[in-house]
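Asks: Next comes input-v7.json, JSON, C-alpha atoms:
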```
[["chain", "number", "residue", "atom", "x", "y", "z"],
["A", 1, "MET", "CA", 94.67, -62.19, -10.64],
["A", 2, "LEU", "CA", 95.62, -62.38, -14.18],
["A", 3, "ILE", "CA", 94.00, -60.55, -17.07],
["A", 4, "THR", "CA", 92.74, -62.81, -19.77],
["A", 5, "PRO", "CA", 93.83, -62.19, -23.38],
["A", 6, "ALA", "CA", 90.26, -61.30, -24.43],
["A", 7, "TYR", "CA", 90.13, -58.29, -22.06],
["A", 8, "ALA", "CA", 93.57, -57.10, -23.15],
["A", 9, "GLN", "CA", 92.60, -57.12, -26.82],
["A", 10, "ALA", "CA", 89.31, -55.31, -26.25],
["A", 11, "ALA", "CA", 91.03, -52.48, -24.37],
["A", 12, "GLY", "CA", 93.47, -51.85, -27.23],
["A", 13, "ALA", "CA", 90.75, -51.63, -29.89],
["A", 14, "GLY", "CA", 88.52, -49.20, -27.94],
["A", 15, "ASP", "CA", 91.41, -46.88, -27.00],
["A", 16, "THR", "CA", 91.42, -44.93, -30.31],
["A", 17, "ASN", "CA", 87.68, -44.42, -30.25],
["A", 18, "SER", "CA", 87.70, -43.40, -26.60],
["A", 19, "MET", "CA", 90.51, -40.87, -27.20],
["A", 20, "LEU", "CA", 88.54, -39.30, -30.08],
["A", 21, "MET", "CA", 85.40, -39.13, -27.97],
["A", 22, "SER", "CA", 87.29, -37.49, -25.11],
["A", 23, "LEU", "CA", 88.67, -34.76, -27.43],
["A", 24, "LEU", "CA", 85.31, -34.09, -29.11],
["A", 25, "PRO", "CA", 83.88, -31.96, -26.25],
["A", 26, "PHE", "CA", 86.96, -29.72, -26.28],
["A", 27, "ALA", "CA", 86.65, -29.16, -30.02],
["A", 28, "LEU", "CA", 82.93, -28.48, -29.63],
["A", 29, "ILE", "CA", 83.60, -25.93, -26.88],
["A", 30, "PHE", "CA", 86.17, -24.17, -29.08],
["A", 31, "VAL", "CA", 83.70, -23.95, -31.98],
["A", 32, "ILE", "CA", 80.98, -22.56, -29.72],
["A", 33, "MET", "CA", 83.41, -20.02, -28.21],
["A", 34, "TYR", "CA", 84.44, -18.92, -31.69],
["A", 35, "PHE", "CA", 80.89, -18.21, -32.81],
["A", 36, "LEU", "CA", 79.66, -16.68, -29.54],
["A", 37, "ILE", "CA", 82.70, -14.64, -28.51],
["A", 38, "LEU", "CA", 85.46, -14.26, -31.10],
["A", 39, "ARG", "CA", 83.40, -13.44, -34.25],
["A", 40, "PRO", "CA", 81.24, -10.76, -32.59],
["A", 41, "GLN", "CA", 84.34, -9.20, -31.02],
["A", 42, "GLN", "CA", 86.11, -9.09, -34.39],
["A", 43, "LYS", "CA", 83.05, -7.44, -35.95],
["A", 44, "LYS", "CA", 82.94, -4.88, -33.15],
["A", 45, "VAL", "CA", 86.64, -4.04, -33.68],
["A", 46, "ARG", "CA", 86.06, -3.67, -37.44],
["A", 47, "ASP", "CA", 83.07, -1.38, -36.89],
["A", 48, "HIS", "CA", 85.04, 0.79, -34.45],
["A", 49, "ALA", "CA", 87.92, 1.08, -36.93],
["A", 50, "ASP", "CA", 85.47, 2.23, -39.62],
["A", 51, "LEU", "CA", 83.87, 4.71, -37.20],
["A", 52, "VAL", "CA", 87.25, 6.19, -36.26],
["A", 53, "LYS", "CA", 88.41, 6.34, -39.87],
["A", 54, "ASN", "CA", 85.31, 8.25, -40.98],
["A", 55, "ILE", "CA", 85.39, 11.02, -38.37],
["A", 56, "ARG", "CA", 85.27, 14.46, -40.00],
["A", 57, "ARG", "CA", 84.88, 18.08, -39.05],
["A", 58, "GLY", "CA", 81.51, 18.90, -37.52],
["A", 59, "ASP", "CA", 80.86, 15.45, -36.04],
["A", 60, "THR", "CA", 79.79, 15.29, -32.40],
["A", 61, "VAL", "CA", 81.92, 12.64, -30.73],
["A", 62, "VAL", "CA", 81.99, 10.89, -27.37],
["A", 63, "THR", "CA", 85.38, 9.86, -26.02],
["A", 64, "SER", "CA", 86.11, 6.83, -23.90],
["A", 65, "GLY", "CA", 86.64, 9.23, -20.98],
["A", 66, "GLY", "CA", 83.11, 10.57, -21.35],
["A", 67, "LEU", "CA", 83.83, 13.93, -22.97],
["A", 68, "VAL", "CA", 81.34, 15.07, -25.60],
["A", 69, "GLY", "CA", 82.40, 17.63, -28.16],
["A", 70, "LYS", "CA", 82.23, 18.82, -31.73],
["A", 71, "VAL", "CA", 85.17, 18.05, -34.02],
["A", 72, "THR", "CA", 86.78, 21.29, -35.19],
["A", 73, "LYS", "CA", 89.83, 19.87, -36.93],
["A", 74, "VAL", "CA", 91.15, 16.52, -38.08],
["A", 75, "VAL", "CA", 94.85, 16.89, -37.26],
["A", 76, "ASP", "CA", 96.14, 13.69, -38.89],
["A", 77, "ASP", "CA", 95.44, 9.97, -39.07],
["A", 78, "ASP", "CA", 95.97, 9.60, -35.32],
["A", 79, "GLN", "CA", 94.56, 12.78, -33.75],
["A", 80, "ILE", "CA", 91.49, 14.97, -33.85],
["A", 81, "GLU", "CA", 90.79, 18.31, -32.23],
["A", 82, "PHE", "CA", 87.36, 18.92, -30.79],
["A", 83, "GLU", "CA", 85.65, 21.66, -28.85],
["A", 84, "ILE", "CA", 84.06, 20.73, -25.52],
["A", 85, "ALA", "CA", 82.98, 24.28, -24.60],
["A", 86, "ASP", "CA", 83.17, 27.73, -26.18],
["A", 87, "GLY", "CA", 86.84, 28.35, -26.84],
["A", 88, "VAL", "CA", 88.00, 25.13, -25.13],
["A", 89, "ARG", "CA", 89.62, 22.81, -27.65],
["A", 90, "VAL", "CA", 91.12, 19.46, -26.85],
["A", 91, "ARG", "CA", 93.29, 17.09, -28.89],
["A", 92, "GLN", "CA", 92.43, 13.45, -28.65],
["A", 93, "MET", "CA", 93.71, 10.24, -30.16],
["A", 94, "ARG", "CA", 91.22, 8.90, -32.70],
["A", 95, "SER", "CA", 91.32, 5.45, -31.16],
["A", 96, "MET", "CA", 89.94, 6.87, -27.91],
["A", 97, "VAL", "CA", 86.69, 7.96, -29.56],
["A", 98, "SER", "CA", 83.97, 5.56, -28.47],
["A", 99, "GLY", "CA", 81.11, 6.89, -30.57],
["A", 100, "VAL", "CA", 79.83, 9.50, -32.99],
["A", 101, "ARG", "CA", 76.51, 11.02, -31.91],
["A", 102, "ALA", "CA", 75.76, 13.35, -34.81],
["A", 103, "LYS", "CA", 77.26, 13.49, -38.25],
["A", 104, "GLY", "CA", 78.72, 16.79, -39.34],
["A", 105, "GLU", "CA", 79.25, 18.39, -42.72],
["A", 106, "PRO", "CA", 78.25, 16.14, -45.60],
["A", 107, "ALA", "CA", 80.63, 15.39, -48.41],
["A", 108, "LYS", "CA", 80.76, 18.10, -51.05],
["A", 109, "GLU", "CA", 77.93, 17.75, -53.52],
["A", 110, "SER", "CA", 78.24, 18.12, -57.22],
["A", 111, "LYS", "CA", 76.49, 21.10, -58.81],
["A", 112, "GLU", "CA", 73.77, 18.93, -60.34],
["A", 113, "SER", "CA", 72.82, 17.21, -57.10],
["A", 114, "ALA", "CA", 72.86, 20.57, -55.27],
["A", 115, "LYS", "CA", 70.39, 21.99, -57.82],
["A", 116, "GLU", "CA", 68.14, 18.93, -57.44],
["A", 117, "SER", "CA", 68.11, 19.19, -53.64],
["A", 118, "ALA", "CA", 67.31, 22.93, -53.91],
["A", 119, "LYS", "CA", 64.37, 22.11, -56.22],
["A", 120, "ASP", "CA", 63.15, 19.45, -53.78],
["A", 121, "ASP", "CA", 63.34, 21.93, -50.88],
["A", 122, "ALA", "CA", 61.42, 24.54, -52.86],
["A", 123, "ALA", "CA", 58.78, 22.01, -53.91],
["A", 124, "SER", "CA", 58.25, 20.82, -50.34],
["A", 125, "LYS", "CA", 57.50, 24.39, -49.17]]
```
Could you express the structure from this file as structure tokens?
Replies:
Amino acid sequence: MLITPAYAQAAGAGDTNSMLMSLLPFALIFVIMYFLILRPQQKKVRDHADLVKNIRRGDTVVTSGGLVGKVTKVVDDDQIEFEIADGVRVRQMRSMVSGVRAKGEPAKESKESAKESAKDDAASK
């Protein structure tokens, strides 16, 4: 059995198109994986980095090990010290904090905004 020249020519012309069509599903899967898995994970990592960076004294934190305590001291950029019971203080790496349950001391207010908030408190009573 011999292949006729017409069949041989048709196979060569459709080969480029067929190769592109066979790679299209892989590219489509990669795009879907990027939007469904990679982007949300990157956003989660960014949010955790912001959370860890903004920990301050007085915050109630939850560690990845499940300990809940109140931050008593921010040691440095890598460590915090928090109290899990009366007189029991623990040092923890900031990256091991999984969440902040309650915000602590607010940033220092200027004198003008402190006067305004005092007036608002007095007016509400």
Asks: Separation of CA of Glu81 (chain A) and CA of Val45 (chain A), in Å?
Replies: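 For CA of Glu81 (chain A) relative to CA of Val45 (chain A), the distance reads 22.8 Å.
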Asks: For a quick check of your reading of the model, name the residues lying within 9 Å of the coordinate (87.3, 10.4, -35.7), counting all atoms listed in the file, and write them as a PyMOL selection string.
Replies: chain A and resi 51-57+59+61+71+74+77-80+93-97+99-100
Asks: How many Å separate CA of Val68 (chain A) from CA of Arg89 (chain A)?
Replies: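 These atoms are spaced 11.5 Å apart.
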Asks: Tell me, in Å to one decimal, how far CA of Thr63 (chain A) is from CA of Phe35 (chain A).
Replies: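 These two atoms are separated by 29.2 Å.
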Asks: List the neighbours of Glu83 (chain A) out to 7 Å using only C-alpha atoms; skip same-chain residues closer than 4 positions along the sequence, and give me the result as JSON, numbers by chain.
Replies: {"A": [69, 70, 71, 72, 88, 89, 90]}
Asks: Using all atoms listed in the file, can you tell me which of A:Val62, A:Asp47, A:Arg101, A:Arg91 comes closest to Asp76 (chain A)?
Replies: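 Of the candidates, the smallest distance to Asp76 (chain A) is held by A:Arg91.
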